[in-house]
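Chemist: Pasting target-v9.txt below, which is compact mmCIF, C-alpha atoms and all ligand atoms.
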# COMPACT_ATOMS: atom_id res chain seq x y z
CA MET T 1 -24.82 6.85 8.77
CA LEU T 2 -23.00 5.51 11.83
CA ILE T 3 -24.46 5.50 15.33
CA ALA T 4 -22.53 4.86 18.55
CA HIS T 5 -24.56 4.09 21.67
CA PRO T 6 -23.54 4.88 25.25
CA CYS T 7 -22.06 1.72 26.76
CA GLY T 8 -21.14 0.04 30.03
CA PRO T 9 -17.57 -0.84 30.97
CA LEU T 10 -15.27 -1.77 28.08
CA ARG T 11 -13.34 -4.92 28.85
CA GLY T 12 -11.12 -7.41 27.10
CA GLU T 13 -7.98 -7.83 25.01
CA ILE T 14 -7.68 -6.97 21.34
CA GLU T 15 -5.05 -6.85 18.65
CA LEU T 16 -4.99 -3.78 16.41
CA PRO T 17 -4.58 -3.80 12.61
CA GLY T 18 -1.07 -3.18 11.28
CA ASP T 19 0.54 0.25 11.35
CA LYS T 20 -0.41 2.33 8.30
CA SER T 21 2.89 4.19 7.93
CA ILE T 22 4.96 1.03 8.32
CA SER T 23 2.70 -0.90 5.93
CA HIS T 24 3.09 1.68 3.14
CA ARG T 25 6.86 1.59 3.55
CA ALA T 26 6.97 -2.21 3.64
CA VAL T 27 5.18 -2.35 0.29
CA ILE T 28 7.33 0.38 -1.28
CA PHE T 29 10.71 -0.88 -0.11
CA GLY T 30 9.68 -4.49 -0.76
CA ALA T 31 8.90 -3.52 -4.38
CA LEU T 32 12.28 -1.77 -4.76
CA ALA T 33 14.32 -4.57 -3.20
CA ASP T 34 16.16 -7.37 -4.89
CA GLY T 35 14.38 -10.59 -4.00
CA GLU T 36 11.15 -11.37 -2.25
CA SER T 37 9.81 -9.72 0.90
CA VAL T 38 7.37 -11.50 3.19
CA ILE T 39 5.16 -9.20 5.24
CA HIS T 40 3.05 -10.29 8.17
CA HIS T 41 0.19 -8.25 9.63
CA LEU T 42 0.18 -5.73 6.77
CA LEU T 43 -2.63 -3.20 7.19
CA GLU T 44 -5.29 -4.12 4.63
CA GLY T 45 -6.91 -0.70 4.79
CA GLU T 46 -7.82 1.20 1.64
CA ASP T 47 -4.81 3.53 1.75
CA VAL T 48 -2.29 0.71 1.77
CA LEU T 49 -4.21 -1.33 -0.79
CA ARG T 50 -3.99 1.69 -3.13
CA THR T 51 -0.22 1.65 -2.75
CA VAL T 52 -0.20 -2.08 -3.50
CA ALA T 53 -2.33 -1.44 -6.61
CA ALA T 54 0.05 1.33 -7.71
CA PHE T 55 3.01 -1.03 -7.64
CA ARG T 56 1.06 -3.77 -9.41
CA ALA T 57 0.37 -1.20 -12.14
CA MET T 58 4.15 -0.73 -12.39
CA GLY T 59 4.79 -4.44 -12.85
CA VAL T 60 5.38 -5.60 -9.27
CA GLU T 61 3.86 -8.90 -8.17
CA ALA T 62 2.21 -8.70 -4.75
CA GLN T 63 0.29 -11.69 -3.48
CA ARG T 64 -1.73 -12.30 -0.38
CA SER T 65 -1.94 -15.84 0.88
CA GLU T 66 -4.96 -17.22 2.71
CA ASN T 67 -3.37 -16.72 6.13
CA GLY T 68 -3.00 -13.00 5.40
CA VAL T 69 0.73 -13.05 4.68
CA TRP T 70 1.84 -10.84 1.79
CA ARG T 71 4.67 -11.70 -0.60
CA ILE T 72 6.13 -8.90 -2.66
CA ARG T 73 8.46 -9.84 -5.48
CA GLY T 74 10.92 -6.94 -5.55
CA VAL T 75 12.07 -5.70 -8.97
CA GLY T 76 15.08 -3.66 -7.80
CA LEU T 77 15.54 0.11 -8.07
CA ASP T 78 15.51 -0.02 -11.88
CA GLY T 79 12.81 -2.62 -12.44
CA LEU T 80 9.56 -0.63 -12.32
CA SER T 81 7.65 -0.14 -15.55
CA GLU T 82 5.57 2.81 -16.73
CA PRO T 83 1.97 2.59 -15.49
CA LEU T 84 -0.51 2.43 -18.38
CA ASP T 85 -3.08 4.60 -16.62
CA VAL T 86 -3.43 7.33 -14.02
CA VAL T 87 -2.47 6.06 -10.55
CA ASP T 88 -5.28 6.76 -8.07
CA LEU T 89 -4.11 6.89 -4.45
CA GLY T 90 -7.59 7.43 -3.02
CA ASN T 91 -7.44 9.23 0.33
CA SER T 92 -3.77 8.66 1.03
CA GLY T 93 -1.39 11.60 1.53
CA THR T 94 1.38 9.16 2.39
CA GLY T 95 0.85 7.17 -0.80
CA MET T 96 0.87 10.26 -3.00
CA ARG T 97 3.80 12.11 -1.44
CA LEU T 98 6.02 9.04 -1.16
CA LEU T 99 5.29 7.95 -4.73
CA ALA T 100 5.93 11.47 -6.03
CA GLY T 101 9.45 11.23 -4.57
CA LEU T 102 10.07 7.78 -5.95
CA LEU T 103 8.62 8.35 -9.41
CA ALA T 104 10.47 11.65 -9.92
CA GLY T 105 13.64 9.60 -10.46
CA GLN T 106 12.20 6.77 -12.59
CA PRO T 107 12.74 6.81 -16.35
CA PHE T 108 9.05 7.05 -17.27
CA PHE T 109 5.92 9.21 -17.12
CA SER T 110 3.25 8.87 -14.46
CA VAL T 111 0.19 10.74 -13.23
CA LEU T 112 -0.92 10.61 -9.58
CA THR T 113 -4.40 11.52 -8.42
CA GLY T 114 -6.70 10.89 -5.47
CA ASP T 115 -10.09 11.65 -3.94
CA GLU T 116 -11.47 15.13 -3.31
CA SER T 117 -9.73 15.39 0.08
CA LEU T 118 -6.35 14.34 -1.30
CA ARG T 119 -6.66 16.68 -4.29
CA SER T 120 -7.07 19.58 -1.87
CA ARG T 121 -3.99 18.78 0.23
CA PRO T 122 -0.68 20.62 -0.29
CA MET T 123 1.72 18.83 -2.65
CA GLY T 124 4.05 21.81 -3.15
CA ARG T 125 5.83 20.73 0.01
CA VAL T 126 7.23 17.77 -1.94
CA ALA T 127 7.09 19.09 -5.52
CA ALA T 128 9.22 22.18 -4.74
CA PRO T 129 12.18 20.45 -3.04
CA LEU T 130 12.03 17.61 -5.58
CA ALA T 131 12.29 20.23 -8.35
CA ARG T 132 15.57 21.33 -6.74
CA MET T 133 16.84 17.78 -7.30
CA GLY T 134 15.93 18.14 -10.99
CA ALA T 135 12.44 16.60 -10.85
CA ARG T 136 9.87 17.51 -13.50
CA ILE T 137 6.52 17.55 -11.73
CA LEU T 138 3.50 19.54 -12.81
CA GLY T 139 0.33 19.96 -10.81
CA ARG T 140 -2.74 22.13 -10.50
CA ASP T 141 -2.41 25.71 -9.25
CA ASN T 142 1.26 26.17 -10.05
CA ASN T 143 2.27 22.63 -9.03
CA ARG T 144 0.68 22.85 -5.60
CA TYR T 145 -2.11 20.29 -5.91
CA ALA T 146 -2.80 16.88 -7.46
CA PRO T 147 -3.27 15.51 -10.03
CA LEU T 148 0.50 15.48 -10.41
CA ALA T 149 2.07 14.68 -13.77
CA ILE T 150 5.60 13.38 -13.33
CA GLN T 151 8.12 13.05 -16.15
CA GLY T 152 10.79 10.96 -14.44
CA THR T 153 14.34 12.07 -15.00
CA GLU T 154 17.87 11.88 -13.60
CA LEU T 155 18.06 13.51 -10.18
CA THR T 156 20.92 14.97 -8.18
CA GLY T 157 21.14 14.74 -4.39
CA ILE T 158 20.63 17.95 -2.38
CA GLU T 159 20.68 19.12 1.21
CA TYR T 160 17.18 20.14 2.20
CA ALA T 161 16.10 21.79 5.45
CA SER T 162 12.37 21.11 5.64
CA PRO T 163 10.34 23.90 7.27
CA VAL T 164 7.79 21.34 8.54
CA ALA T 165 8.33 18.25 10.68
CA SER T 166 6.83 15.86 8.13
CA ALA T 167 7.74 12.22 7.66
CA GLN T 168 6.05 12.32 4.27
CA VAL T 169 8.28 15.14 3.05
CA LYS T 170 11.37 13.50 4.55
CA THR T 171 10.54 10.14 3.00
CA ALA T 172 9.66 11.59 -0.42
CA LEU T 173 13.11 13.19 -0.59
CA LEU T 174 14.88 10.07 0.65
CA LEU T 175 13.05 7.97 -1.94
CA ALA T 176 14.12 10.41 -4.65
CA GLY T 177 17.60 10.22 -3.14
CA LEU T 178 17.69 6.45 -3.72
CA SER T 179 17.72 6.93 -7.48
CA ALA T 180 19.65 10.25 -7.48
CA SER T 181 23.35 10.69 -7.96
CA GLY T 182 25.33 11.75 -4.90
CA ARG T 183 24.03 12.27 -1.38
CA THR T 184 20.61 13.51 -0.30
CA THR T 185 20.30 15.03 3.16
CA VAL T 186 17.02 16.04 4.80
CA SER T 187 16.81 17.87 8.10
CA GLU T 188 13.66 18.82 9.96
CA PRO T 189 12.78 21.22 12.80
CA VAL T 190 11.57 18.43 15.14
CA LEU T 191 11.96 14.69 14.53
CA SER T 192 8.96 13.28 12.65
CA ARG T 193 8.22 9.55 12.66
CA ASP T 194 11.36 7.65 11.68
CA HIS T 195 9.96 4.43 10.21
CA THR T 196 11.66 5.11 6.88
CA GLU T 197 15.07 5.36 8.46
CA ARG T 198 14.54 2.19 10.49
CA MET T 199 13.13 0.22 7.60
CA LEU T 200 15.74 1.31 5.04
CA ALA T 201 18.39 0.12 7.49
CA ALA T 202 16.55 -3.21 7.82
CA PHE T 203 16.56 -3.53 4.00
CA GLY T 204 20.36 -3.12 4.12
CA VAL T 205 20.68 0.57 3.14
CA GLU T 206 23.33 2.58 4.97
CA LEU T 207 22.06 5.88 6.30
CA ASP T 208 23.84 8.60 8.22
CA ARG T 209 21.61 9.86 11.00
CA ASP T 210 22.77 12.90 12.86
CA GLY T 211 20.27 14.46 15.25
CA LEU T 212 17.54 15.95 13.11
CA SER T 213 19.14 15.16 9.76
CA VAL T 214 19.43 12.01 7.73
CA THR T 215 21.51 11.29 4.62
CA VAL T 216 21.22 8.60 1.99
CA GLN T 217 23.79 7.85 -0.69
CA GLY T 218 22.24 7.34 -4.14
CA ARG T 219 21.96 3.99 -5.89
CA PRO T 220 22.05 1.59 -2.91
CA ARG T 221 20.81 -2.01 -3.06
CA LEU T 222 17.81 -3.04 -0.99
CA ARG T 223 17.64 -6.68 0.08
CA GLY T 224 14.23 -8.33 0.45
CA LEU T 225 13.31 -9.37 3.98
CA GLU T 226 10.66 -10.85 6.22
CA LEU T 227 8.95 -8.50 8.62
CA ILE T 228 6.05 -8.24 11.04
CA VAL T 229 4.15 -4.95 11.02
CA PRO T 230 3.33 -3.79 14.59
CA GLY T 231 -0.21 -2.81 15.58
CA ASP T 232 -0.97 0.82 14.76
CA ILE T 233 -0.76 3.11 17.78
CA SER T 234 -2.88 5.62 15.86
CA SER T 235 -5.68 3.01 15.76
CA ALA T 236 -5.01 1.92 19.36
CA ALA T 237 -5.68 5.54 20.31
CA PHE T 238 -9.46 5.02 19.88
CA PRO T 239 -10.03 2.08 22.25
CA MET T 240 -7.43 3.66 24.55
CA VAL T 241 -9.38 6.88 24.98
CA ALA T 242 -12.67 4.95 25.13
CA ALA T 243 -11.35 2.85 28.04
CA LEU T 244 -10.10 5.95 29.86
CA LEU T 245 -13.50 7.66 29.55
CA VAL T 246 -16.03 4.85 30.20
CA PRO T 247 -16.25 4.07 33.96
CA ASP T 248 -14.93 0.69 35.17
CA SER T 249 -13.25 -0.13 31.86
CA GLU T 250 -10.06 -2.14 31.57
CA VAL T 251 -8.73 -2.98 28.13
CA THR T 252 -5.50 -4.54 26.91
CA LEU T 253 -4.22 -3.66 23.43
CA ARG T 254 -1.75 -6.27 22.27
CA GLY T 255 1.31 -5.78 20.04
CA VAL T 256 1.10 -2.00 19.59
CA GLY T 257 4.06 -0.14 18.04
CA ILE T 258 5.61 2.23 20.59
CA ASN T 259 8.26 3.89 18.44
CA PRO T 260 9.16 7.03 20.47
CA SER T 261 8.42 9.23 17.44
CA ARG T 262 4.77 8.04 17.70
CA THR T 263 4.04 7.91 21.43
CA GLY T 264 3.12 11.54 22.06
CA LEU T 265 -0.48 10.60 22.88
CA LEU T 266 0.65 8.13 25.56
CA ASP T 267 2.75 10.82 27.20
CA LEU T 268 -0.06 13.38 27.04
CA LEU T 269 -2.75 11.05 28.39
CA ARG T 270 -0.50 9.87 31.21
CA GLU T 271 0.26 13.48 32.11
CA MET T 272 -3.50 14.05 32.29
CA GLY T 273 -3.71 11.22 34.83
CA GLY T 274 -4.52 8.34 32.46
CA ASP T 275 -3.75 4.87 33.85
CA ILE T 276 -1.88 3.31 30.92
CA ALA T 277 0.65 0.56 31.60
CA ILE T 278 3.25 -0.47 29.01
CA LEU T 279 3.63 -4.23 29.39
CA ASN T 280 5.91 -6.79 27.81
CA PRO T 281 8.03 -4.42 25.64
CA ARG T 282 9.80 -6.20 22.76
CA ASP T 283 11.29 -5.61 19.32
CA ALA T 284 9.65 -6.39 15.96
CA GLY T 285 12.02 -5.95 13.02
CA GLY T 286 13.65 -2.75 14.32
CA GLU T 287 10.46 -1.28 15.78
CA PRO T 288 9.59 -1.37 19.51
CA VAL T 289 6.28 -3.04 20.39
CA ALA T 290 4.36 -3.57 23.67
CA ASP T 291 0.97 -4.41 25.13
CA LEU T 292 -0.90 -1.45 26.57
CA ARG T 293 -3.23 -1.92 29.53
CA VAL T 294 -5.65 0.97 29.91
CA ARG T 295 -8.01 1.58 32.84
CA HIS T 296 -10.74 4.13 33.34
CA SER T 297 -9.23 7.30 34.84
CA ARG T 298 -10.19 10.79 35.89
CA LEU T 299 -8.36 13.10 33.51
CA LYS T 300 -7.10 16.64 34.14
CA GLY T 301 -6.55 19.29 31.48
CA ILE T 302 -2.99 20.13 30.39
CA ARG T 303 -1.03 22.50 28.19
CA VAL T 304 0.38 20.49 25.27
CA PRO T 305 4.05 21.35 24.66
CA PRO T 306 4.37 22.23 20.93
CA GLU T 307 7.41 19.96 20.53
CA VAL T 308 5.19 16.93 21.33
CA VAL T 309 2.83 17.75 18.44
CA PRO T 310 4.66 15.80 15.66
CA ARG T 311 4.77 12.73 17.93
CA ALA T 312 0.98 12.78 18.31
CA ILE T 313 -0.02 14.43 15.04
CA ASP T 314 -2.65 11.89 13.99
CA GLU T 315 -4.10 11.54 17.47
CA PHE T 316 -5.39 15.07 18.05
CA PRO T 317 -8.98 14.30 17.08
CA VAL T 318 -9.33 11.68 19.80
CA PHE T 319 -7.09 13.68 22.14
CA ALA T 320 -9.56 16.56 21.80
CA LEU T 321 -12.30 14.21 23.00
CA ALA T 322 -10.21 13.19 26.05
CA ALA T 323 -9.60 16.89 26.80
CA ALA T 324 -13.31 17.65 26.38
CA CYS T 325 -14.08 15.14 29.16
CA ALA T 326 -11.22 16.16 31.50
CA GLU T 327 -11.36 18.48 34.46
CA GLY T 328 -10.15 21.99 33.61
CA GLU T 329 -8.64 23.53 30.51
CA THR T 330 -6.45 21.98 27.81
CA VAL T 331 -4.57 24.09 25.28
CA VAL T 332 -2.98 22.84 22.06
CA THR T 333 -0.74 25.18 20.03
CA GLY T 334 1.86 24.70 17.30
CA ALA T 335 -0.46 22.24 15.54
CA GLU T 336 -1.35 24.18 12.35
CA GLU T 337 -0.58 20.98 10.37
CA LEU T 338 -3.95 19.68 11.61
CA ARG T 339 -5.60 22.06 9.16
CA VAL T 340 -4.15 20.19 6.15
CA LYS T 341 -4.82 16.58 7.11
CA GLU T 342 -7.60 14.44 5.58
CA SER T 343 -9.88 17.31 6.73
CA ASP T 344 -9.28 20.54 8.65
CA ARG T 345 -9.20 18.60 11.90
CA ILE T 346 -9.29 21.65 14.18
CA GLN T 347 -12.53 22.82 12.64
CA ALA T 348 -13.97 19.31 12.31
CA MET T 349 -13.42 18.58 16.01
CA ALA T 350 -14.73 21.93 17.20
CA LEU T 351 -17.89 21.41 15.13
CA GLY T 352 -18.40 17.68 15.63
CA LEU T 353 -17.61 17.41 19.33
CA GLY T 354 -19.26 20.81 19.86
CA ARG T 355 -22.53 19.20 18.69
CA GLN T 356 -22.15 16.67 21.51
CA GLY T 357 -21.72 19.35 24.18
CA ALA T 358 -17.92 19.80 24.12
CA ARG T 359 -16.54 23.29 24.61
CA ILE T 360 -13.77 23.65 22.03
CA GLU T 361 -12.55 27.02 20.82
CA GLU T 362 -10.54 26.98 17.60
CA LEU T 363 -7.12 28.67 17.61
CA PRO T 364 -5.28 29.29 14.32
CA ASP T 365 -2.75 26.60 15.25
CA GLY T 366 -4.63 24.48 17.76
CA MET T 367 -7.50 24.64 20.20
CA ARG T 368 -8.56 25.61 23.69
CA VAL T 369 -10.82 23.06 25.38
CA GLN T 370 -12.86 23.60 28.57
CA GLY T 371 -13.38 20.09 29.90
CA ARG T 372 -16.60 18.62 31.28
CA PRO T 373 -15.55 15.91 33.74
CA GLU T 374 -19.18 14.75 33.97
CA GLY T 375 -18.86 13.66 30.30
CA LEU T 376 -20.50 14.84 27.09
CA GLU T 377 -24.26 14.89 26.58
CA GLY T 378 -24.08 13.40 23.09
CA GLY T 379 -27.30 13.14 21.12
CA GLY T 380 -25.93 15.22 18.24
CA VAL T 381 -25.59 14.52 14.53
CA ALA T 382 -22.15 15.42 13.16
CA GLU T 383 -20.33 15.39 9.85
CA ALA T 384 -17.22 13.22 9.32
CA PHE T 385 -15.90 15.42 6.45
CA GLY T 386 -14.70 12.22 4.74
CA ASP T 387 -12.07 11.86 7.47
CA HIS T 388 -11.60 8.41 9.04
CA ARG T 389 -10.17 9.76 12.29
CA ILE T 390 -12.93 12.32 12.75
CA ALA T 391 -15.55 9.59 12.23
CA MET T 392 -13.90 7.25 14.74
CA THR T 393 -13.48 10.01 17.32
CA LEU T 394 -17.17 10.83 17.12
CA MET T 395 -18.02 7.14 17.53
CA ILE T 396 -15.86 6.93 20.67
CA ALA T 397 -17.58 10.11 21.90
CA GLY T 398 -20.92 8.29 21.53
CA LEU T 399 -19.76 5.25 23.54
CA ALA T 400 -18.74 7.56 26.41
CA ALA T 401 -21.60 10.09 26.21
CA GLN T 402 -25.05 10.16 27.85
CA GLN T 403 -26.85 9.80 24.50
CA ALA T 404 -25.99 8.22 21.15
CA VAL T 405 -23.88 10.09 18.60
CA THR T 406 -24.63 9.95 14.87
CA VAL T 407 -22.10 10.53 12.08
CA THR T 408 -23.15 11.47 8.57
CA GLY T 409 -21.15 11.97 5.39
CA ARG T 410 -18.49 9.65 4.03
CA ALA T 411 -16.84 8.15 7.11
CA ASN T 412 -13.96 6.42 5.27
CA ILE T 413 -13.04 4.33 8.33
CA GLU T 414 -11.73 1.53 6.09
CA THR T 415 -8.92 3.90 5.12
CA SER T 416 -6.95 3.09 8.24
CA PHE T 417 -8.94 0.83 10.57
CA PRO T 418 -10.83 -2.01 8.90
CA GLY T 419 -12.99 -3.79 11.48
CA PHE T 420 -13.18 -0.78 13.83
CA ALA T 421 -16.84 -1.28 14.80
CA ALA T 422 -16.38 -5.03 15.30
CA LEU T 423 -13.32 -4.58 17.51
CA MET T 424 -15.05 -1.95 19.63
CA GLY T 425 -17.99 -4.37 19.78
CA ALA T 426 -15.70 -7.12 21.11
CA LEU T 427 -14.86 -4.80 24.01
CA GLY T 428 -18.54 -4.04 24.71
CA GLY T 429 -19.27 -0.94 22.61
CA ARG T 430 -22.17 -0.79 20.14
CA ILE T 431 -21.55 0.98 16.83
CA GLU T 432 -24.09 0.47 14.06
CA ARG T 433 -24.17 1.37 10.40
CA ILE T 434 -27.60 2.45 9.15
CA GLU T 435 -28.49 3.22 5.55
CA GLY T 436 -30.30 6.50 5.08
CA ASN T 437 -30.28 10.12 6.16
CA ALA T 438 -30.25 11.58 9.66
CA ARG T 439 -32.66 14.40 8.92
C1 LIG W 501 2.73 9.85 7.80
C2 LIG W 501 3.17 11.06 8.26
C3 LIG W 501 2.30 12.06 8.87
C4 LIG W 501 0.96 11.46 9.31
C5 LIG W 501 0.37 10.56 8.28
C6 LIG W 501 1.33 9.42 7.97
C7 LIG W 501 3.69 8.93 7.19
O1 LIG W 501 2.02 13.07 7.92
O2 LIG W 501 0.05 12.49 9.62
O3 LIG W 501 -0.85 10.01 8.73
O4 LIG W 501 3.39 7.72 7.05
O5 LIG W 501 4.79 9.38 6.82
P1 LIG W 501 3.02 14.32 7.69
O6 LIG W 501 4.29 13.77 7.25
O7 LIG W 501 2.37 15.14 6.63
O8 LIG W 501 3.07 15.02 9.02
As structure tokens, what does this structure read like?

Modeler:
Amino acid sequence: MLIAHPCGPLRGEIELPGDKSISHRAVIFGALADGESVIHHLLEGEDVLRTVAAFRAMGVEAQRSENGVWRIRGVGLDGLSEPLDVVDLGNSGTGMRLLAGLLAGQPFFSVLTGDESLRSRPMGRVAAPLARMGARILGRDNNRYAPLAIQGTELTGIEYASPVASAQVKTALLLAGLSASGRTTVSEPVLSRDHTERMLAAFGVELDRDGLSVTVQGRPRLRGLELIVPGDISSAAFPMVAALLVPDSEVTLRGVGINPSRTGLLDLLREMGGDIAILNPRDAGGEPVADLRVRHSRLKGIRVPPEVVPRAIDEFPVFALAAACAEGETVVTGAEELRVKESDRIQAMALGLGRQGARIEELPDGMRVQGRPEGLEGGGVAEAFGDHRIAMTLMIAGLAAQQAVTVTGRANIETSFPGFAALMGALGGRIERIEGNAR
């Protein structure tokens, strides 16, 4: 059980853990490169550690030194070996979908599984297009769900127009394209996060990028490199919204990745009247980074343009909290993907924040929120549904509410944000873990 207590002003400067998406890719491309890669500020959350374990099981050496620097000894595109056991990716959709793409083109058999949440998430979105490249992937319910059994084989490049803006689908196909013959092109309806494209280029792979499509030529060479993973803007989102909501707060978040394909939340909160300054912008290995200074602000409700949704996809739980405390109405549409994340996030927010006094009406593809500028009452007990971002949103709700908020069920915060409670504590928020039951 987690309890967040109402707090006074949040103040101070913190550094966020490394970006989850970039960390997964650094491990994967590092393993496939020729030579060693040295990775600083890798996210040591459970999702990424599962990906590290998967590559160790395929013969890749990955070592962490005492100062937290990771060294990955790349084995090249043809150097992986068959895992002796089922590969368990825990809670990680990114881990499973990216590995499905990679392993489809490897000359061995593998089985991918995960926790209950991951086994209920759609895998057909990668299995079906990979099958068009020649992949042999079987899964539950007509190849739609994990566990996935993959008999690696020779693949042929295709042109694929993805119906969803999904960086996981795009990256799965590009990873398959690395070992396929010919060219693999993926296009998407709206640009999803482009860390794969940026990082492949940094590893020395030539890509053709043309608007919403990207092409990779099969059988390239990846060269090991040294890189610094930026702070995760999806983790920064929690202290950011907390500082906006708690009166008199001023917080600086150092070294946060501000890749434009990830900054939808910044744009939305600023449009609502949020005082967020982007300071000291710089580059870290092909990714833009900055410090974000956030001050308490009075927020106004907005209509979220559907084309912004992919740029803020992981931030809607905490965005819903900001909207619930804003003046007036906020409407989110075009966000049906939220229903197939680590939980059904539309339902989880309506229920969980609803228990704290928020007025959130579910829409099939989003939500309609009637804000309460006086803040939420809190005092409720809510379920995390095993979803790290739902649990953290409810904790931020508690810091900003009139009464404490309690979260039950597996909270899984270590998935993406190890040290969350301690970092919020450093800013002045009190989040406690208590053994036992709320009833
Ligand atoms: C991710 C892509 C997004 C995001 C997830 C991480 C990635 O998922 O929600 O947390 O690293 O590629 P989709 O590609 O399914 O939208």

Chemist: Using only C-alpha atoms, which protein or nucleic acid residues come within 9 Å of segment 163-176 of chain T? Drop anything in the same chain fewer than 4 positions from it, and give the result as a PDB file with C-alpha atoms, in the frame of the given file.

Modeler:
ATOM      1  CA  GLY T  93      -1.390  11.600   1.530  1.00  0.00           C
ATOM      2  CA  THR T  94       1.380   9.160   2.390  1.00  0.00           C
ATOM      3  CA  GLY T  95       0.850   7.170  -0.800  1.00  0.00           C
ATOM      4  CA  ARG T  97       3.800  12.110  -1.440  1.00  0.00           C
ATOM      5  CA  LEU T  98       6.020   9.040  -1.160  1.00  0.00           C
ATOM      6  CA  LEU T  99       5.290   7.950  -4.730  1.00  0.00           C
ATOM      7  CA  ALA T 100       5.930  11.470  -6.030  1.00  0.00           C
ATOM      8  CA  GLY T 101       9.450  11.230  -4.570  1.00  0.00           C
ATOM      9  CA  LEU T 102      10.070   7.780  -5.950  1.00  0.00           C
ATOM     10  CA  LEU T 103       8.620   8.350  -9.410  1.00  0.00           C
ATOM     11  CA  ALA T 104      10.470  11.650  -9.920  1.00  0.00           C
ATOM     12  CA  GLY T 105      13.640   9.600 -10.460  1.00  0.00           C
ATOM     13  CA  GLN T 106      12.200   6.770 -12.590  1.00  0.00           C
ATOM     14  CA  ARG T 125       5.830  20.730   0.010  1.00  0.00           C
ATOM     15  CA  VAL T 126       7.230  17.770  -1.940  1.00  0.00           C
ATOM     16  CA  PRO T 129      12.180  20.450  -3.040  1.00  0.00           C
ATOM     17  CA  LEU T 130      12.030  17.610  -5.580  1.00  0.00           C
ATOM     18  CA  MET T 133      16.840  17.780  -7.300  1.00  0.00           C
ATOM     19  CA  ALA T 135      12.440  16.600 -10.850  1.00  0.00           C
ATOM     20  CA  LEU T 155      18.060  13.510 -10.180  1.00  0.00           C
ATOM     21  CA  THR T 156      20.920  14.970  -8.180  1.00  0.00           C
ATOM     22  CA  GLY T 157      21.140  14.740  -4.390  1.00  0.00           C
ATOM     23  CA  ALA T 180      19.650  10.250  -7.480  1.00  0.00           C
ATOM     24  CA  THR T 184      20.610  13.510  -0.300  1.00  0.00           C
ATOM     25  CA  THR T 185      20.300  15.030   3.160  1.00  0.00           C
ATOM     26  CA  VAL T 186      17.020  16.040   4.800  1.00  0.00           C
ATOM     27  CA  SER T 187      16.810  17.870   8.100  1.00  0.00           C
ATOM     28  CA  GLU T 188      13.660  18.820   9.960  1.00  0.00           C
ATOM     29  CA  PRO T 189      12.780  21.220  12.800  1.00  0.00           C
ATOM     30  CA  VAL T 190      11.570  18.430  15.140  1.00  0.00           C
ATOM     31  CA  LEU T 191      11.960  14.690  14.530  1.00  0.00           C
ATOM     32  CA  SER T 192       8.960  13.280  12.650  1.00  0.00           C
ATOM     33  CA  ARG T 193       8.220   9.550  12.660  1.00  0.00           C
ATOM     34  CA  ASP T 194      11.360   7.650  11.680  1.00  0.00           C
ATOM     35  CA  HIS T 195       9.960   4.430  10.210  1.00  0.00           C
ATOM     36  CA  THR T 196      11.660   5.110   6.880  1.00  0.00           C
ATOM     37  CA  GLU T 197      15.070   5.360   8.460  1.00  0.00           C
ATOM     38  CA  VAL T 214      19.430  12.010   7.730  1.00  0.00           C
ATOM     39  CA  THR T 215      21.510  11.290   4.620  1.00  0.00           C
ATOM     40  CA  VAL T 216      21.220   8.600   1.990  1.00  0.00           C
ATOM     41  CA  GLY T 218      22.240   7.340  -4.140  1.00  0.00           C
ATOM     42  CA  PRO T 310       4.660  15.800  15.660  1.00  0.00           C
ATOM     43  CA  GLU T 337      -0.580  20.980  10.370  1.00  0.00           C
TER      44      GLU T 337
END

Chemist: Let me make sure I understand: among T:Asn91, T:Ser261, T:Ser37, T:Gln217, which one has the smallest atom-to-atom distance to Ala62 of chain T if we use all atoms listed in the file?

Modeler: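 Closest to Ala62 of chain T, using all atoms listed in the file: T:Ser37.
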
Chemist: Using all atoms listed in the file, pick whichever of T:Gly379, T:Pro288, T:Gly419, T:Gly273 has the shortest atom-to-atom distance to Leu244 of chain T.

Modeler: T:Gly273

Chemist: Using only C-alpha atoms, which residues sit within 12 Å of Arg140 of chain T once same-chain residues fewer than 2 positions away are excluded, as a ChimeraX atom specification?

Modeler: /T:112-113,119-124,127,137-138,142-149

Chemist: Any idea what the distance is between atom CA of Leu363 of chain T and atom CA of Val309 of chain T?

Modeler: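 Separation between atom CA of Leu363 of chain T and atom CA of Val309 of chain T: 14.8 Å.
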
Chemist: Save segment 115-119 of chain T from what I just supplied, as a PDB file, in the first residue's frame, atoms limited to N, CA and C atoms.

Modeler:
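Contents of result-v6.pdb, freshly written:
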ATOM      1  N   ASP T 115       4.399 -10.560 -17.730  1.00  0.00           N
ATOM      2  CA  ASP T 115       3.449 -10.649 -16.623  1.00  0.00           C
ATOM      3  C   ASP T 115       2.012 -10.620 -17.164  1.00  0.00           C
ATOM      4  N   GLU T 116       1.051 -10.665 -16.242  1.00  0.00           N
ATOM      5  CA  GLU T 116      -0.353 -10.748 -16.644  1.00  0.00           C
ATOM      6  C   GLU T 116      -0.750  -9.569 -17.537  1.00  0.00           C
ATOM      7  N   SER T 117      -0.288  -8.374 -17.194  1.00  0.00           N
ATOM      8  CA  SER T 117      -0.607  -7.186 -18.003  1.00  0.00           C
ATOM      9  C   SER T 117      -0.037  -7.353 -19.406  1.00  0.00           C
ATOM     10  N   LEU T 118       1.223  -7.731 -19.500  1.00  0.00           N
ATOM     11  CA  LEU T 118       1.853  -7.836 -20.827  1.00  0.00           C
ATOM     12  C   LEU T 118       1.213  -8.943 -21.663  1.00  0.00           C
ATOM     13  N   ARG T 119       0.800 -10.033 -20.993  1.00  0.00           N
ATOM     14  CA  ARG T 119       0.179 -11.131 -21.748  1.00  0.00           C
ATOM     15  C   ARG T 119      -1.230 -10.773 -22.232  1.00  0.00           C
TER      16      ARG T 119
END
